[in-house]
$ cat final-v8.pdb   # PDB, C-alpha atoms
ATOM      1  CA  MET C   1     104.559 142.857 117.235
ATOM      2  CA  ALA C   2     107.288 140.248 117.674
ATOM      3  CA  ASN C   3     109.669 140.300 120.610
ATOM      4  CA  THR C   4     112.542 142.711 120.310
ATOM      5  CA  PRO C   5     116.086 141.353 120.031
ATOM      6  CA  SER C   6     118.720 141.666 122.703
ATOM      7  CA  ILE C   7     122.501 141.608 122.834
ATOM      8  CA  GLN C   8     125.013 140.922 125.546
ATOM      9  CA  HIS C   9     127.167 143.944 126.247
ATOM     10  CA  PRO C  10     129.461 144.396 129.249
ATOM     11  CA  ASN C  11     130.191 147.721 130.928
ATOM     12  CA  GLU C  12     126.982 149.501 129.940
ATOM     13  CA  LEU C  13     127.184 153.203 129.275
ATOM     14  CA  THR C  14     124.753 155.519 130.980
ATOM     15  CA  ALA C  15     122.852 158.132 128.990
ATOM     16  CA  GLY C  16     125.144 160.894 130.162
ATOM     17  CA  ASP C  17     128.242 159.059 128.926
ATOM     18  CA  PHE C  18     127.306 158.819 125.287
ATOM     19  CA  THR C  19     129.457 161.711 124.038
ATOM     20  CA  GLU C  20     132.511 159.995 125.529
ATOM     21  CA  ALA C  21     131.817 156.614 123.891
ATOM     22  CA  ASP C  22     134.457 155.443 121.420
ATOM     23  CA  GLU C  23     132.618 152.403 119.970
ATOM     24  CA  PRO C  24     129.108 152.729 118.483
ATOM     25  CA  LEU C  25     127.718 149.188 118.832
ATOM     26  CA  ARG C  26     127.961 149.093 122.622
ATOM     27  CA  LEU C  27     126.436 152.553 122.792
ATOM     28  CA  PHE C  28     123.577 151.468 120.527
ATOM     29  CA  ALA C  29     122.988 148.387 122.700
ATOM     30  CA  THR C  30     122.694 150.572 125.804
ATOM     31  CA  TRP C  31     120.299 153.015 124.152
ATOM     32  CA  PHE C  32     118.254 150.180 122.664
ATOM     33  CA  ASP C  33     117.862 148.449 126.018
ATOM     34  CA  GLU C  34     116.704 151.731 127.561
ATOM     35  CA  ALA C  35     114.257 152.259 124.690
ATOM     36  CA  LYS C  36     112.775 148.783 125.168
ATOM     37  CA  ARG C  37     111.881 149.801 128.716
ATOM     38  CA  SER C  38     110.430 153.203 127.815
ATOM     39  CA  GLU C  39     108.846 153.054 124.352
ATOM     40  CA  PRO C  40     105.055 152.502 124.531
ATOM     41  CA  SER C  41     104.871 150.387 121.364
ATOM     42  CA  ASP C  42     108.015 148.757 119.935
ATOM     43  CA  ALA C  43     111.559 150.030 120.297
ATOM     44  CA  SER C  44     112.689 147.831 117.403
ATOM     45  CA  ALA C  45     110.663 149.819 114.832
ATOM     46  CA  MET C  46     112.971 151.548 112.381
ATOM     47  CA  THR C  47     112.719 153.404 109.103
ATOM     48  CA  LEU C  48     114.411 151.581 106.226
ATOM     49  CA  ALA C  49     115.324 153.734 103.222
ATOM     50  CA  THR C  50     116.281 152.260  99.863
ATOM     51  CA  VAL C  51     116.510 153.683  96.344
ATOM     52  CA  ASP C  52     114.885 152.587  93.090
ATOM     53  CA  ASP C  53     116.326 152.463  89.577
ATOM     54  CA  ASP C  54     115.435 156.119  89.001
ATOM     55  CA  GLY C  55     117.312 157.191  92.110
ATOM     56  CA  LEU C  56     114.049 157.941  93.925
ATOM     57  CA  PRO C  57     114.272 157.182  97.656
ATOM     58  CA  ASN C  58     111.765 154.796  99.208
ATOM     59  CA  ALA C  59     111.204 154.561 102.974
ATOM     60  CA  ARG C  60     109.071 152.362 105.206
ATOM     61  CA  MET C  61     108.970 151.027 108.752
ATOM     62  CA  VAL C  62     110.392 147.568 109.482
ATOM     63  CA  LEU C  63     111.446 145.769 112.661
ATOM     64  CA  LEU C  64     114.988 145.153 113.829
ATOM     65  CA  LYS C  65     115.372 141.438 114.482
ATOM     66  CA  GLY C  66     118.973 141.260 115.607
ATOM     67  CA  PHE C  67     122.247 143.144 115.688
ATOM     68  CA  ASP C  68     125.866 142.412 116.439
ATOM     69  CA  GLU C  69     129.300 143.383 115.153
ATOM     70  CA  ARG C  70     128.275 142.225 111.664
ATOM     71  CA  GLY C  71     125.332 144.606 111.318
ATOM     72  CA  PHE C  72     121.581 145.148 111.775
ATOM     73  CA  VAL C  73     119.115 142.500 110.541
ATOM     74  CA  PHE C  74     115.516 142.644 109.314
ATOM     75  CA  TYR C  75     113.374 140.148 107.382
ATOM     76  CA  THR C  76     111.017 140.529 104.438
ATOM     77  CA  ASN C  77     109.644 139.044 101.246
ATOM     78  CA  ILE C  78     112.559 139.394  98.840
ATOM     79  CA  ASP C  79     110.141 139.882  95.929
ATOM     80  CA  SER C  80     108.770 143.030  97.626
ATOM     81  CA  ALA C  81     109.676 146.543  96.528
ATOM     82  CA  LYS C  82     112.388 146.765  99.162
ATOM     83  CA  GLY C  83     113.773 143.369  98.191
ATOM     84  CA  ARG C  84     113.926 144.260  94.506
ATOM     85  CA  GLU C  85     115.564 147.598  95.251
ATOM     86  CA  LEU C  86     118.159 146.043  97.539
ATOM     87  CA  GLU C  87     118.937 143.389  94.943
ATOM     88  CA  ARG C  88     119.873 146.088  92.433
ATOM     89  CA  HIS C  89     121.207 148.719  94.837
ATOM     90  CA  PRO C  90     122.548 147.002  97.988
ATOM     91  CA  LYS C  91     122.855 150.104 100.127
ATOM     92  CA  ALA C  92     120.418 151.431 102.716
ATOM     93  CA  ALA C  93     119.811 153.792 105.606
ATOM     94  CA  LEU C  94     118.099 153.095 108.931
ATOM     95  CA  VAL C  95     116.590 155.523 111.436
ATOM     96  CA  PHE C  96     115.502 154.760 114.993
ATOM     97  CA  HIS C  97     113.473 157.476 116.738
ATOM     98  CA  TRP C  98     112.743 156.825 120.394
ATOM     99  CA  LYS C  99     110.407 159.669 121.268
ATOM    100  CA  SER C 100     110.117 158.633 124.915
ATOM    101  CA  LEU C 101     113.868 159.259 125.329
ATOM    102  CA  ASN C 102     114.244 162.172 122.888
ATOM    103  CA  ARG C 103     116.861 160.174 121.004
ATOM    104  CA  GLN C 104     117.555 159.221 117.422
ATOM    105  CA  VAL C 105     120.073 156.898 115.785
ATOM    106  CA  ARG C 106     120.823 157.041 112.059
ATOM    107  CA  LEU C 107     122.792 154.402 110.137
ATOM    108  CA  ARG C 108     123.980 154.167 106.540
ATOM    109  CA  GLY C 109     125.836 151.334 104.892
ATOM    110  CA  THR C 110     125.906 148.376 102.572
ATOM    111  CA  VAL C 111     123.404 145.516 102.593
ATOM    112  CA  GLU C 112     123.962 141.775 102.353
ATOM    113  CA  PRO C 113     121.578 138.793 102.581
ATOM    114  CA  VAL C 114     121.674 136.768 105.763
ATOM    115  CA  ASP C 115     122.754 133.132 105.671
ATOM    116  CA  PRO C 116     119.847 130.758 104.831
ATOM    117  CA  GLY C 117     120.370 128.915 108.093
ATOM    118  CA  GLU C 118     120.022 132.169 110.002
ATOM    119  CA  ALA C 119     116.788 132.957 108.146
ATOM    120  CA  ASP C 120     115.455 129.454 108.848
ATOM    121  CA  ALA C 121     116.197 129.796 112.553
ATOM    122  CA  TYR C 122     114.411 133.125 112.826
ATOM    123  CA  PHE C 123     111.415 132.005 110.735
ATOM    124  CA  ALA C 124     110.916 129.069 113.106
ATOM    125  CA  THR C 125     110.416 131.526 116.006
ATOM    126  CA  ARG C 126     107.587 133.424 114.297
ATOM    127  CA  ALA C 127     103.957 132.916 115.273
ATOM    128  CA  ARG C 128     102.295 130.294 113.088
ATOM    129  CA  LEU C 129      99.857 132.776 111.540
ATOM    130  CA  ALA C 130     102.778 135.047 110.658
ATOM    131  CA  GLN C 131     104.461 132.073 108.994
ATOM    132  CA  ILE C 132     101.264 131.371 107.048
ATOM    133  CA  GLY C 133     101.058 135.024 106.034
ATOM    134  CA  ALA C 134     104.576 134.924 104.644
ATOM    135  CA  TRP C 135     103.435 132.207 102.217
ATOM    136  CA  ALA C 136     100.073 133.791 101.361
ATOM    137  CA  SER C 137     101.194 137.382 100.785
ATOM    138  CA  LYS C 138     102.664 138.505  97.458
ATOM    139  CA  GLN C 139     104.104 141.530  99.210
ATOM    140  CA  SER C 140     103.913 144.815  97.247
ATOM    141  CA  ALA C 141     101.981 143.197  94.357
ATOM    142  CA  PRO C 142      98.518 144.553  93.446
ATOM    143  CA  LEU C 143      95.659 142.965  95.457
ATOM    144  CA  GLU C 144      92.160 142.993  93.989
ATOM    145  CA  SER C 145      90.387 142.725  97.351
ATOM    146  CA  ARG C 146      90.883 141.872 101.007
ATOM    147  CA  MET C 147      88.736 138.803 100.397
ATOM    148  CA  ALA C 148      91.264 137.497  97.885
ATOM    149  CA  PHE C 149      94.005 137.742 100.503
ATOM    150  CA  GLU C 150      91.859 136.023 103.127
ATOM    151  CA  LYS C 151      91.181 133.213 100.646
ATOM    152  CA  ALA C 152      94.926 132.816 100.078
ATOM    153  CA  LEU C 153      95.424 132.670 103.848
ATOM    154  CA  ALA C 154      92.751 129.987 104.199
ATOM    155  CA  LEU C 155      94.244 127.868 101.434
ATOM    156  CA  THR C 156      97.708 128.149 102.964
ATOM    157  CA  MET C 157      96.397 127.273 106.420
ATOM    158  CA  ALA C 158      94.795 124.168 104.954
ATOM    159  CA  LYS C 159      98.010 123.203 103.194
ATOM    160  CA  TYR C 160      99.988 123.454 106.442
ATOM    161  CA  ALA C 161      97.248 122.225 108.772
ATOM    162  CA  VAL C 162      99.684 119.934 110.572
ATOM    163  CA  GLY C 163     103.421 119.941 111.110
ATOM    164  CA  THR C 164     105.856 122.791 110.872
ATOM    165  CA  VAL C 165     105.580 125.585 108.342
ATOM    166  CA  PRO C 166     108.779 125.822 106.253
ATOM    167  CA  ARG C 167     110.310 129.130 105.318
ATOM    168  CA  PRO C 168     109.165 130.338 101.876
ATOM    169  CA  PRO C 169     112.012 130.470  99.348
ATOM    170  CA  ASN C 170     111.238 134.148  98.645
ATOM    171  CA  TRP C 171     111.289 135.202 102.308
ATOM    172  CA  SER C 172     114.582 135.945 104.022
ATOM    173  CA  GLY C 173     116.638 138.552 105.810
ATOM    174  CA  TYR C 174     119.035 141.360 105.058
ATOM    175  CA  ARG C 175     121.886 142.717 107.120
ATOM    176  CA  VAL C 176     122.720 146.414 106.974
ATOM    177  CA  VAL C 177     126.471 146.743 107.534
ATOM    178  CA  PRO C 178     126.874 150.290 108.850
ATOM    179  CA  LEU C 179     129.626 152.583 107.650
ATOM    180  CA  VAL C 180     128.150 155.648 109.363
ATOM    181  CA  ILE C 181     126.249 155.736 112.671
ATOM    182  CA  GLU C 182     125.016 158.984 114.196
ATOM    183  CA  PHE C 183     123.647 159.341 117.726
ATOM    184  CA  TRP C 184     121.365 162.323 118.372
ATOM    185  CA  HIS C 185     120.140 163.427 121.790
ATOM    186  CA  ASP C 186     117.607 166.198 122.208
ATOM    187  CA  ARG C 187     118.638 169.238 124.267
ATOM    188  CA  PRO C 188     116.609 172.333 125.181
ATOM    189  CA  TYR C 189     116.407 175.182 122.660
ATOM    190  CA  ARG C 190     117.514 172.857 119.841
ATOM    191  CA  LEU C 191     121.070 172.759 121.219
ATOM    192  CA  HIS C 192     121.222 169.030 120.590
ATOM    193  CA  ASP C 193     124.122 166.614 121.003
ATOM    194  CA  ARG C 194     125.196 164.785 117.820
ATOM    195  CA  ILE C 195     128.019 162.242 117.671
ATOM    196  CA  GLU C 196     128.947 160.556 114.393
ATOM    197  CA  PHE C 197     130.970 157.360 114.013
ATOM    198  CA  ARG C 198     132.381 156.624 110.568
ATOM    199  CA  ARG C 199     134.562 153.935 108.980
ATOM    200  CA  ALA C 200     135.787 153.267 105.445
ATOM    201  CA  ALA C 201     134.845 149.565 105.396
ATOM    202  CA  ALA C 202     133.356 146.898 107.645
ATOM    203  CA  ASN C 203     136.758 145.716 108.872
ATOM    204  CA  GLU C 204     138.141 149.212 109.481
ATOM    205  CA  PRO C 205     138.259 151.064 112.835
ATOM    206  CA  TRP C 206     135.690 153.709 113.717
ATOM    207  CA  SER C 207     136.473 157.412 113.889
ATOM    208  CA  LYS C 208     134.291 159.766 115.931
ATOM    209  CA  THR C 209     133.235 163.360 115.257
ATOM    210  CA  ARG C 210     131.006 165.721 117.179
ATOM    211  CA  LEU C 211     128.591 167.561 114.871
ATOM    212  CA  TYR C 212     126.885 170.906 115.196
ATOM    213  CA  PRO C 213     123.186 170.494 116.044
TER     214      PRO C 213
END

$ encode --input "final-v8.pdb" --output "structure tokens"
Amino acid sequence: MANTPSIQHPNELTAGDFTEADEPLRLFATWFDEAKRSEPSDASAMTLATVDDDGLPNARMVLLKGFDERGFVFYTNIDSAKGRELERHPKAALVFHWKSLNRQVRLRGTVEPVDPGEADAYFATRARLAQIGAWASKQSAPLESRMAFEKALALTMAKYAVGTVPRPPNWSGYRVVPLVIEFWHDRPYRLHDRIEFRRAAANEPWSKTRLYP
């Protein structure tokens, strides 16, 4: 998988301090950095939940590619199921589960497309074969055989045999702007710690509530 993102954050909080935190982004950054050191696979893996036109939820795993005060970013083919759903219903939920630390973070909020320049910059960092795959894959569309996909890959590789691979026009990123963030820490006998941060809008201050486990 691709390298996980990082963020600069002064005055790190230790694990034991999380119930006293009064700002969720710095707390997330601390937990995320700890998860990157302890998770055996990829700490940036997260569940993305969207909803279709019938109100039926749809969830899948994606990778976090950046986060800051504006929100949490991932990239995808915008013609995919998730892209179509977010176009019509620009709200989503994210879940991080770091089993090695017995921790979970849940986020809910609105979704907005990233700036094209931001998408271009990230696409340029991807491995070349991943760039080729972004052109060759009609993500979520029916595929008659694996051979058909491999043929599309070969044709695309030939097309971009030299030079840089540009970002496909139907491949970009989305930013989840959280309105609710919940931090969950496992405790013995299911007596877990749960702290919820909530705000009315992206430019509003956070309020904090402790929740029953």

$ closest_residue --input "final-v8.pdb" --among "C:Leu107, C:Ala134, C:Val51, C:Ala154" --to "Leu86 in chain C" --atoms "all atoms listed in the file"
C:Val51

$ closest_residue --input "final-v8.pdb" --among "C:Ala136, C:Pro166, C:Arg103, C:Glu85" --to "Ala124 in chain C" --atoms "only C-alpha atoms"
C:Pro166

$ axis_aligned_box --input "final-v8.pdb" --around "range 111-129 of chain C" --padding-each-side "5 Å" --output "lines of an AutoDock Vina configuration file"
center_x = 111.9
center_y = 137.2
center_z = 109.2
size_x = 34.1
size_y = 26.6
size_z = 23.7

$ residues_around --input "final-v8.pdb" --residues "Gly83 in chain C" --least-positions-apart "5" --cutoff "12 Å" --atoms "only C-alpha atoms" --output "ChimeraX atom specification"
/C:48-52,58,74-78,88-92,111-113,139-140,170-174

$ atom_distance --input "final-v8.pdb" --atom1 "CA of Pro57 in chain C" --atom2 "CA of Val73 in chain C"
20.1 Å

$ atom_distance --input "final-v8.pdb" --atom1 "CA of Arg128 in chain C" --atom2 "CA of Thr164 in chain C"
8.6 Å

$ resolve_selection --input "final-v8.pdb" --expression "the PyMOL selection byres ((chain C and resi 212) around 10)" --output "list of chain:residue names"
C:Leu191, C:His192, C:Asp193, C:Arg194, C:Ile195, C:Thr209, C:Arg210, C:Leu211, C:Pro213

$ residues_around --input "final-v8.pdb" --residues "Phe28 in chain C" --least-positions-apart "4" --cutoff "9 Å" --atoms "all atoms listed in the file" --output "compact mmCIF listing (two decimals) with C-alpha atoms, in the frame of the given file"
# COMPACT_ATOMS: atom_id res chain seq x y z
CA PRO C 24 129.11 152.73 118.48
CA PHE C 32 118.25 150.18 122.66
CA ASP C 33 117.86 148.45 126.02
CA VAL C 105 120.07 156.90 115.78
CA PHE C 183 123.65 159.34 117.73

$ residues_around --input "final-v8.pdb" --residues "Asn102 in chain C" --least-positions-apart "3" --cutoff "10 Å" --atoms "all atoms listed in the file" --output "PDB file with C-alpha atoms, keeping the file's coordinate frame"
ATOM      1  CA  HIS C  97     113.473 157.476 116.738  1.00  0.00           C
ATOM      2  CA  TRP C  98     112.743 156.825 120.394  1.00  0.00           C
ATOM      3  CA  LYS C  99     110.407 159.669 121.268  1.00  0.00           C
ATOM      4  CA  TRP C 184     121.365 162.323 118.372  1.00  0.00           C
ATOM      5  CA  HIS C 185     120.140 163.427 121.790  1.00  0.00           C
ATOM      6  CA  ASP C 186     117.607 166.198 122.208  1.00  0.00           C
ATOM      7  CA  ARG C 187     118.638 169.238 124.267  1.00  0.00           C
TER       8      ARG C 187
END

$ atom_distance --input "final-v8.pdb" --atom1 "CA of Arg146 in chain C" --atom2 "CA of Tyr122 in chain C"
27.7 Å
